[in-house]
Amino acid sequence: MEIESINTFERSLREGINIFTGAGFSVLSSDRSGRPLPIGDGLRIEILKEFPGSPTTLQLPQLCTLISRSKRDILNNYIRSRFEVGDFSKKYENLANINIKNIFTTNVDNLVECIFKGNPKKYVNNTMFNGVSFREKYAIDYFYLHGAVCDTESSLIFGDLDIANAFSNDPAKWNYLKSIMNKFPTLFWGYALRDAGTLQVFADSLDDQNRKNSWVIVHPDHVDEGEIEYYQSLDLKIIRSDTETFLDYLASFEELVVKELTTSQHKNPFPEYSIPSHSDIERRSINDFYQGANPSWSDIYSSRVIRLHYYSLVEEYINSGKNVLITGGPATGKSTLLMQIAAFHNFNGVKLFLSDISPSKAETLSSRINNTPTLLFVDNMQTSMDALNNLSVKSNIKMVIAERDYAYLSASRANFLRRNIEIVDITQLTEADAQGIIDNIPADLKSRKNFRLREGDSLFELIEQNCRTPSIKERFKNVLNELQKKDEKLVQIFLLVCYLHNSRSVTSMDILCSYFQEGAINPQEIYSLIGILSSCLSEYAGEYSDSEQDYFSIRSNLLAEHIATIAPEKDLARMLTNFHMNVSRYCIPNYDSFKRRAYDARLFEKAFPQTKHGEEIYDVIYRKHNSPFNLQQKALYLSRRGNHERAFIVIDEAIAKSGSGNWSVRNSYAIIKFKANINRTDSYDVRKALDESMGSLEQCYTADMRKAFHAMSYADQSLKYWRKYRNQTARGYLEKSKEWLGEEANKDNSIRNVRRLLQQIDNSLR
């Protein structure tokens with residue numbers, strides 16, 4: 001027996017589940033004559049024998065309709081006697097071990113009533129006679145949708161469930177049934193491909209945003225992959241089992257303590273970090289989301305923002321007791337998925353959502369939560385590593401975290417990445433994901449021509465291709481051009497806010513006043529400029545703000561991320577120069593996170609093509625904060641700009657400051673040495689320098705816990721070494737790279753570059 005998402009399924013069995021039964025559910029039962037109840041085409045064949053002369057070409061529904069025109073009572077008496085259960089396997093009694101909330105059936109037999117008759121744990125409430133139960137702990141509400149032999153006034157129906165007609169005949173009833181199906185997970189049991197119509201209309205009738213998980217039991221000997229794919233297209237998870245084996249499995253739940261799903265028993269000590277309900281959120285147009293704005297809770301509760309297939313995977317890991325890291329490239333929907341899990345995943349405890357968390361805040365949180373079961377959602381892991389390291393040792397706290405720069409994290413001190421954590425890279429979309437995204441783009445934005453999913457397309461790239469509106473890059477250029485025409489200071493503010501946002505900080509009035517220097521521009525003028533930028537900026541009121549002054553942030557992460565690729569060199573250089581010359585580190589919100597990203601060599605390479613100017617700014621930064629990591633970024637900047645001699649001097653100073661055990665700095669030293677020599681004319685000294693660089697990376701890999709980071713650097717250099725020499729030494733580097741990358745790939749760490757480099761290494765070794 002195989003159960004997809006077994007931890008989530010077993011949690012549903014404990015906390016409440018609907019069961020929807022078809023003919024295959026009753027295979028272990030017989031009528032009062034001892035004959036097994038008919039399934040499949042069995043009843044049609046029996047009726048043809050019982051009523052000779054009937055057309056053999058008709059299907060069961062048409063055959064019953066024809067015979068009932070002249071022999072209705074005889075046919076009804078035959079069917080009722082044939083489906084009145086006389087005996088059944090005692091294994092069905094294992095159903096009382098699980099927390100069944102509702103049973104829906106398209107069968108007409110009375111097996112369900114027989115199973116629970118006299119059961120001390122549960123009783124069946126016939127909703128057709130008694131209505132639904134209210135707060136009855138031991139009741140199972142029972143809905144027979146095709147009539148039942150126990151109800152002589154009901155019409156017996158054979159064929160697919162016609163929900164369209166059912167809704168029109170009794171809309172109140174079916175709307176209520178929909179609400180129940182959306183309230184608890186559902187198990188479809190006893191259906192085959194011939195019953196596809198019933199399954200499909202129920203799947204299509206459910207609300208995507210509120211629907212719970214659904215499973216279907218398929219017989220492992222009577223199902224093919226095409227049928228499996230069909231069920232999966234209906235968003236059904238697969239259980240491969242026959243009825244008897246599944247009932248045996250339910251016997252293991254005999255000592256089950258039924259848990260009712262509730263969060264009210266736990267008081268949230270941090271209401272400011274709680275997940276807002278659908279009724280508490282501020283609404284905005286869904287068009288904002290599809291045009292690149294950061295996801296809001298309004299978007300999360302919108303039916304137009306689908307759940308990617310990764311949602312079920314993350315939920316399964318949570319239900320198995322694991323921590324989860326959601327990672328992926330830019331604009332892949334990490335924050336959206338994190339917020340969806342936070343909003344819709346049911347949890348018996350306290351749920352908290354934070355963008356970042358500092359070590360001191362983590363201490364307070366841990367103390368006030370005490371032993372309360374807590375599910376902690378953190379949107380920026382890189383800026384919260386020390387806090388997450390501390391919280392990861394608390395058994396009552398489980399974490400779901402989103403982070404883009406996983407390759408960087410592999411080179412970090414994130415010890416909790418080695419503690420009971422699953423890593424989910426959501427970069428790759430499925431075709432079903434892509435179709436769902438395209439179908440939900442608002443009509444006024446949607447392109448007339450649909451663009452299909454291409455290999456490597458992110459969620460937002462797919463959206464951009466299928467929208468008539470300008471791309472983010474085009475919008476960034478247009479914004480800068482328009483601002484430049486109005487006032488150059490607008491460009492500076494816009495780039496400054498983007499820079500701070502990318503560096504995990506926010507823009508305060510203190511920063512703006514310092515940036516423009518006292519007297520150069522007054523606060524009223526700054527507010528006027530901010531007003532002009534209101535379509536790009538929003539007022540910030542998060543955890544880094546206070547009541548003393550106003551704070552601002554960019555409306556779109558995607559817009560901010562293009563600062564290094566699209567912003568004009570001179571404007572970027574002016575902004576960075578003014579900021580680092582004029583703004584004190586003490587007025588930068590979340591400075592601990594800011595300093596980890598703000599001095600990145602790649603950004604400074606774009607802004608300062610002349611290394612003299614770039615060095616001057618790095619020197620200003622180092623005087624304010626004399627960290628060896630700032631020297632490391634300065635050295636990488638010089639190396640990227642081709643000034644290898646100066647880069648060596650600076651990286652040597654960084655090693656002297658940080659000590660020989662700082663393997664991140666030593667990694668940079670090896671890379672700088674390799675880049676300085678790989679394109680030089682071959683000589684003994686060149687080859688010696690390249691081999692020394694490779695040896696340094698081997699030391700880093702051996703001594704440091706952060707294997708993936710060093711393995712990728714080593715593999716990248718191995719490929720370049722191979723292209724230059726193609727000798728046995730080069731081949732040895734490739735083989736070692738393959739070994740290391742293979743070990744990382746087997747750990748399911750989901751670093752895409754690992755697989756990309758491994759493929760390139762394999763191609764080179766052929």
# chains A, B, ... in the order shown; residues from 1 in each chain; ligands from 1

$ residues_around --residues "stretch 23-28 of chain A" --least-positions-apart "5" --cutoff "10 Å" --atoms "only C-alpha atoms" --output "ChimeraX atom specification"
/A:36-40,83,85,87-92,105-112,188-192,195,217-219,242-244

$ residues_around --residues "A:Gly695" --least-positions-apart "2" --cutoff "12 Å" --atoms "only C-alpha atoms" --output "PyMOL selection string"
chain A and resi 666-667+669-671+673-674+688-693+697-702+710+714+717-718+733+736

$ select_by_dssp --residues "stretch 19-221 of chain A" --states "strand (DSSP E)" --output "PyMOL selection string"
chain A and resi 19-21+29-31+85-88+100-105+123-126+139-144+186-189+214-218

$ write_last_selection --atoms "N, CA and C atoms" --output "mmCIF file, in the first residue's frame"
data_model
loop_
_atom_site.group_PDB
_atom_site.id
_atom_site.type_symbol
_atom_site.label_atom_id
_atom_site.label_comp_id
_atom_site.auth_asym_id
_atom_site.auth_seq_id
_atom_site.Cartn_x
_atom_site.Cartn_y
_atom_site.Cartn_z
ATOM 1 N N ILE A 19 -15.655 11.022 3.981
ATOM 2 C CA ILE A 19 -15.457 9.847 3.128
ATOM 3 C C ILE A 19 -16.569 9.832 2.089
ATOM 4 N N PHE A 20 -16.176 9.673 0.844
ATOM 5 C CA PHE A 20 -17.096 9.680 -0.288
ATOM 6 C C PHE A 20 -16.996 8.306 -0.935
ATOM 7 N N THR A 21 -18.050 7.490 -0.853
ATOM 8 C CA THR A 21 -17.937 6.088 -1.259
ATOM 9 C C THR A 21 -18.657 5.798 -2.572
ATOM 10 N N SER A 29 -18.910 -7.109 1.126
ATOM 11 C CA SER A 29 -20.243 -7.308 1.693
ATOM 12 C C SER A 29 -21.090 -8.125 0.727
ATOM 13 N N SER A 30 -22.192 -8.690 1.244
ATOM 14 C CA SER A 30 -23.082 -9.518 0.418
ATOM 15 C C SER A 30 -24.527 -9.232 0.803
ATOM 16 N N ASP A 31 -25.450 -9.644 -0.094
ATOM 17 C CA ASP A 31 -26.869 -9.427 0.196
ATOM 18 C C ASP A 31 -27.394 -10.551 1.093
ATOM 19 N N VAL A 85 -27.934 -5.268 2.565
ATOM 20 C CA VAL A 85 -26.770 -6.018 3.054
ATOM 21 C C VAL A 85 -27.201 -7.059 4.079
ATOM 22 N N GLY A 86 -26.748 -8.309 3.844
ATOM 23 C CA GLY A 86 -27.010 -9.381 4.795
ATOM 24 C C GLY A 86 -25.789 -9.708 5.628
ATOM 25 N N ASP A 87 -24.615 -9.526 5.059
ATOM 26 C CA ASP A 87 -23.373 -9.835 5.785
ATOM 27 C C ASP A 87 -22.261 -8.939 5.250
ATOM 28 N N PHE A 88 -21.273 -8.660 6.094
ATOM 29 C CA PHE A 88 -20.131 -7.842 5.665
ATOM 30 C C PHE A 88 -18.919 -8.198 6.519
ATOM 31 N N ILE A 100 -14.233 10.251 11.415
ATOM 32 C CA ILE A 100 -15.053 10.536 10.234
ATOM 33 C C ILE A 100 -16.081 11.599 10.600
ATOM 34 N N LYS A 101 -16.132 12.646 9.809
ATOM 35 C CA LYS A 101 -17.103 13.720 10.046
ATOM 36 C C LYS A 101 -18.369 13.518 9.222
ATOM 37 N N ASN A 102 -18.191 13.171 7.945
ATOM 38 C CA ASN A 102 -19.332 13.001 7.047
ATOM 39 C C ASN A 102 -19.044 11.855 6.093
ATOM 40 N N ILE A 103 -20.082 11.118 5.746
ATOM 41 C CA ILE A 103 -19.978 10.108 4.697
ATOM 42 C C ILE A 103 -20.971 10.472 3.600
ATOM 43 N N PHE A 104 -20.458 10.643 2.397
ATOM 44 C CA PHE A 104 -21.282 10.849 1.214
ATOM 45 C C PHE A 104 -21.195 9.564 0.390
ATOM 46 N N THR A 105 -22.275 9.167 -0.227
ATOM 47 C CA THR A 105 -22.202 7.959 -1.038
ATOM 48 C C THR A 105 -23.077 8.080 -2.271
ATOM 49 N N TYR A 123 -21.987 6.742 15.786
ATOM 50 C CA TYR A 123 -23.270 6.346 15.217
ATOM 51 C C TYR A 123 -23.511 7.162 13.954
ATOM 52 N N VAL A 124 -24.327 6.598 13.060
ATOM 53 C CA VAL A 124 -24.626 7.248 11.788
ATOM 54 C C VAL A 124 -25.903 8.067 11.923
ATOM 55 N N ASN A 125 -25.809 9.334 11.551
ATOM 56 C CA ASN A 125 -26.970 10.219 11.546
ATOM 57 C C ASN A 125 -27.460 10.367 10.108
ATOM 58 N N ASN A 126 -28.619 9.804 9.814
ATOM 59 C CA ASN A 126 -29.197 9.893 8.475
ATOM 60 C C ASN A 126 -29.737 11.308 8.266
ATOM 61 N N ALA A 139 -21.365 11.619 16.287
ATOM 62 C CA ALA A 139 -22.211 11.464 15.101
ATOM 63 C C ALA A 139 -21.379 11.522 13.823
ATOM 64 N N ILE A 140 -21.777 10.695 12.847
ATOM 65 C CA ILE A 140 -21.268 10.792 11.485
ATOM 66 C C ILE A 140 -22.461 11.143 10.608
ATOM 67 N N ASP A 141 -22.455 12.312 10.025
ATOM 68 C CA ASP A 141 -23.563 12.705 9.156
ATOM 69 C C ASP A 141 -23.469 11.928 7.844
ATOM 70 N N TYR A 142 -24.596 11.356 7.446
ATOM 71 C CA TYR A 142 -24.636 10.434 6.308
ATOM 72 C C TYR A 142 -25.536 10.996 5.210
ATOM 73 N N PHE A 143 -24.959 11.143 3.995
ATOM 74 C CA PHE A 143 -25.673 11.707 2.857
ATOM 75 C C PHE A 143 -25.671 10.677 1.721
ATOM 76 N N TYR A 144 -26.841 10.132 1.364
ATOM 77 C CA TYR A 144 -26.883 9.251 0.194
ATOM 78 C C TYR A 144 -27.440 10.067 -0.974
ATOM 79 N N THR A 186 -11.125 15.141 2.191
ATOM 80 C CA THR A 186 -12.056 14.126 1.690
ATOM 81 C C THR A 186 -11.299 12.936 1.116
ATOM 82 N N LEU A 187 -11.814 11.743 1.395
ATOM 83 C CA LEU A 187 -11.295 10.500 0.830
ATOM 84 C C LEU A 187 -12.349 9.916 -0.100
ATOM 85 N N PHE A 188 -11.998 9.753 -1.386
ATOM 86 C CA PHE A 188 -12.860 9.076 -2.352
ATOM 87 C C PHE A 188 -12.470 7.601 -2.368
ATOM 88 N N TRP A 189 -13.452 6.743 -2.119
ATOM 89 C CA TRP A 189 -13.168 5.324 -1.891
ATOM 90 C C TRP A 189 -14.172 4.490 -2.691
ATOM 91 N N SER A 214 -7.634 16.198 -0.832
ATOM 92 C CA SER A 214 -8.490 15.082 -1.216
ATOM 93 C C SER A 214 -7.623 13.928 -1.692
ATOM 94 N N TRP A 215 -8.042 12.719 -1.334
ATOM 95 C CA TRP A 215 -7.348 11.504 -1.770
ATOM 96 C C TRP A 215 -8.337 10.593 -2.483
ATOM 97 N N VAL A 216 -7.822 9.736 -3.354
ATOM 98 C CA VAL A 216 -8.641 8.715 -3.986
ATOM 99 C C VAL A 216 -7.909 7.381 -3.861
ATOM 100 N N ILE A 217 -8.641 6.336 -3.466
ATOM 101 C CA ILE A 217 -8.058 4.996 -3.372
ATOM 102 C C ILE A 217 -8.188 4.330 -4.735
ATOM 103 N N VAL A 218 -7.066 3.850 -5.266
ATOM 104 C CA VAL A 218 -7.074 3.122 -6.540
ATOM 105 C C VAL A 218 -6.533 1.720 -6.295
#

$ closest_residue --among "A:Phe604, A:Asp510, A:Asn396, A:Leu193" --to "A:Asp224" --atoms "only C-alpha atoms"
A:Leu193

$ residues_around --residues "A:Val350" --least-positions-apart "5" --cutoff "10 Å" --atoms "only C-alpha atoms" --output "list of chain:residue names"
A:Thr263, A:Ser264, A:Gln265, A:His266, A:Lys267, A:Asn268, A:Pro269, A:Phe270, A:Pro271, A:Ser274, A:Ile275, A:Ile369, A:Thr372, A:Pro373, A:Thr374, A:Leu375, A:Leu376, A:Ile397

$ decode --residues "stretch 538-559 of chain A" --atoms "N, CA, C and O atoms" --output "PDB file, in the first residue's frame"
ATOM      1  N   SER A 538       5.528  53.142  -0.767  1.00  0.00           N
ATOM      2  CA  SER A 538       4.414  53.089   0.181  1.00  0.00           C
ATOM      3  C   SER A 538       4.948  53.379   1.569  1.00  0.00           C
ATOM      4  O   SER A 538       6.133  53.172   1.853  1.00  0.00           O
ATOM      5  N   GLU A 539       4.070  53.858   2.425  1.00  0.00           N
ATOM      6  CA  GLU A 539       4.476  54.107   3.804  1.00  0.00           C
ATOM      7  C   GLU A 539       4.672  52.770   4.513  1.00  0.00           C
ATOM      8  O   GLU A 539       3.864  51.850   4.364  1.00  0.00           O
ATOM      9  N   TYR A 540       5.748  52.657   5.255  1.00  0.00           N
ATOM     10  CA  TYR A 540       6.080  51.409   5.945  1.00  0.00           C
ATOM     11  C   TYR A 540       5.683  51.520   7.411  1.00  0.00           C
ATOM     12  O   TYR A 540       5.977  52.517   8.064  1.00  0.00           O
ATOM     13  N   ALA A 541       5.016  50.467   7.909  1.00  0.00           N
ATOM     14  CA  ALA A 541       4.593  50.480   9.321  1.00  0.00           C
ATOM     15  C   ALA A 541       4.883  49.134   9.962  1.00  0.00           C
ATOM     16  O   ALA A 541       4.107  48.640  10.771  1.00  0.00           O
ATOM     17  N   GLY A 542       6.022  48.554   9.611  1.00  0.00           N
ATOM     18  CA  GLY A 542       6.370  47.232  10.125  1.00  0.00           C
ATOM     19  C   GLY A 542       7.198  47.301  11.392  1.00  0.00           C
ATOM     20  O   GLY A 542       7.250  48.316  12.092  1.00  0.00           O
ATOM     21  N   GLU A 543       7.907  46.190  11.647  1.00  0.00           N
ATOM     22  CA  GLU A 543       8.610  46.049  12.918  1.00  0.00           C
ATOM     23  C   GLU A 543       9.826  46.966  13.053  1.00  0.00           C
ATOM     24  O   GLU A 543      10.343  47.155  14.146  1.00  0.00           O
ATOM     25  N   TYR A 544      10.315  47.525  11.937  1.00  0.00           N
ATOM     26  CA  TYR A 544      11.482  48.413  12.023  1.00  0.00           C
ATOM     27  C   TYR A 544      11.090  49.883  12.119  1.00  0.00           C
ATOM     28  O   TYR A 544      11.937  50.763  12.088  1.00  0.00           O
ATOM     29  N   SER A 545       9.800  50.149  12.191  1.00  0.00           N
ATOM     30  CA  SER A 545       9.353  51.539  12.279  1.00  0.00           C
ATOM     31  C   SER A 545       9.022  51.890  13.726  1.00  0.00           C
ATOM     32  O   SER A 545       8.955  51.027  14.600  1.00  0.00           O
ATOM     33  N   ASP A 546       8.832  53.175  13.969  1.00  0.00           N
ATOM     34  CA  ASP A 546       8.385  53.638  15.287  1.00  0.00           C
ATOM     35  C   ASP A 546       7.485  54.845  15.076  1.00  0.00           C
ATOM     36  O   ASP A 546       7.258  55.289  13.954  1.00  0.00           O
ATOM     37  N   SER A 547       6.977  55.378  16.152  1.00  0.00           N
ATOM     38  CA  SER A 547       6.032  56.496  16.054  1.00  0.00           C
ATOM     39  C   SER A 547       6.729  57.848  15.949  1.00  0.00           C
ATOM     40  O   SER A 547       6.076  58.881  15.796  1.00  0.00           O
ATOM     41  N   GLU A 548       8.066  57.847  16.038  1.00  0.00           N
ATOM     42  CA  GLU A 548       8.821  59.103  16.065  1.00  0.00           C
ATOM     43  C   GLU A 548       8.939  59.746  14.681  1.00  0.00           C
ATOM     44  O   GLU A 548       9.113  60.949  14.566  1.00  0.00           O
ATOM     45  N   GLN A 549       8.896  58.915  13.614  1.00  0.00           N
ATOM     46  CA  GLN A 549       9.108  59.440  12.271  1.00  0.00           C
ATOM     47  C   GLN A 549       8.426  58.518  11.270  1.00  0.00           C
ATOM     48  O   GLN A 549       7.930  57.448  11.614  1.00  0.00           O
ATOM     49  N   ASP A 550       8.418  58.945  10.000  1.00  0.00           N
ATOM     50  CA  ASP A 550       7.805  58.153   8.932  1.00  0.00           C
ATOM     51  C   ASP A 550       8.859  57.287   8.249  1.00  0.00           C
ATOM     52  O   ASP A 550      10.047  57.646   8.169  1.00  0.00           O
ATOM     53  N   TYR A 551       8.384  56.158   7.744  1.00  0.00           N
ATOM     54  CA  TYR A 551       9.254  55.205   7.049  1.00  0.00           C
ATOM     55  C   TYR A 551       8.612  54.851   5.708  1.00  0.00           C
ATOM     56  O   TYR A 551       7.381  54.829   5.582  1.00  0.00           O
ATOM     57  N   PHE A 552       9.459  54.522   4.728  1.00  0.00           N
ATOM     58  CA  PHE A 552       8.961  54.240   3.382  1.00  0.00           C
ATOM     59  C   PHE A 552       9.669  53.011   2.807  1.00  0.00           C
ATOM     60  O   PHE A 552      10.826  52.729   3.121  1.00  0.00           O
ATOM     61  N   SER A 553       8.931  52.318   1.934  1.00  0.00           N
ATOM     62  CA  SER A 553       9.495  51.144   1.278  1.00  0.00           C
ATOM     63  C   SER A 553       8.982  51.075  -0.148  1.00  0.00           C
ATOM     64  O   SER A 553       7.971  51.702  -0.490  1.00  0.00           O
ATOM     65  N   ILE A 554       9.671  50.309  -0.980  1.00  0.00           N
ATOM     66  CA  ILE A 554       9.270  50.146  -2.374  1.00  0.00           C
ATOM     67  C   ILE A 554       8.058  49.221  -2.431  1.00  0.00           C
ATOM     68  O   ILE A 554       7.913  48.313  -1.614  1.00  0.00           O
ATOM     69  N   ARG A 555       7.169  49.450  -3.383  1.00  0.00           N
ATOM     70  CA  ARG A 555       5.969  48.627  -3.488  1.00  0.00           C
ATOM     71  C   ARG A 555       6.249  47.253  -4.101  1.00  0.00           C
ATOM     72  O   ARG A 555       5.489  46.317  -3.893  1.00  0.00           O
ATOM     73  N   SER A 556       7.322  47.145  -4.863  1.00  0.00           N
ATOM     74  CA  SER A 556       7.576  45.894  -5.588  1.00  0.00           C
ATOM     75  C   SER A 556       8.999  45.401  -5.365  1.00  0.00           C
ATOM     76  O   SER A 556       9.960  46.113  -5.679  1.00  0.00           O
ATOM     77  N   ASN A 557       9.136  44.183  -4.838  1.00  0.00           N
ATOM     78  CA  ASN A 557      10.455  43.571  -4.724  1.00  0.00           C
ATOM     79  C   ASN A 557      11.131  43.484  -6.081  1.00  0.00           C
ATOM     80  O   ASN A 557      12.336  43.703  -6.216  1.00  0.00           O
ATOM     81  N   LEU A 558      10.346  43.132  -7.097  1.00  0.00           N
ATOM     82  CA  LEU A 558      10.912  42.937  -8.437  1.00  0.00           C
ATOM     83  C   LEU A 558      11.500  44.228  -8.979  1.00  0.00           C
ATOM     84  O   LEU A 558      12.557  44.230  -9.610  1.00  0.00           O
ATOM     85  N   LEU A 559      10.813  45.332  -8.728  1.00  0.00           N
ATOM     86  CA  LEU A 559      11.315  46.621  -9.185  1.00  0.00           C
ATOM     87  C   LEU A 559      12.653  46.926  -8.512  1.00  0.00           C
ATOM     88  O   LEU A 559      13.612  47.345  -9.160  1.00  0.00           O
TER      89      LEU A 559
END
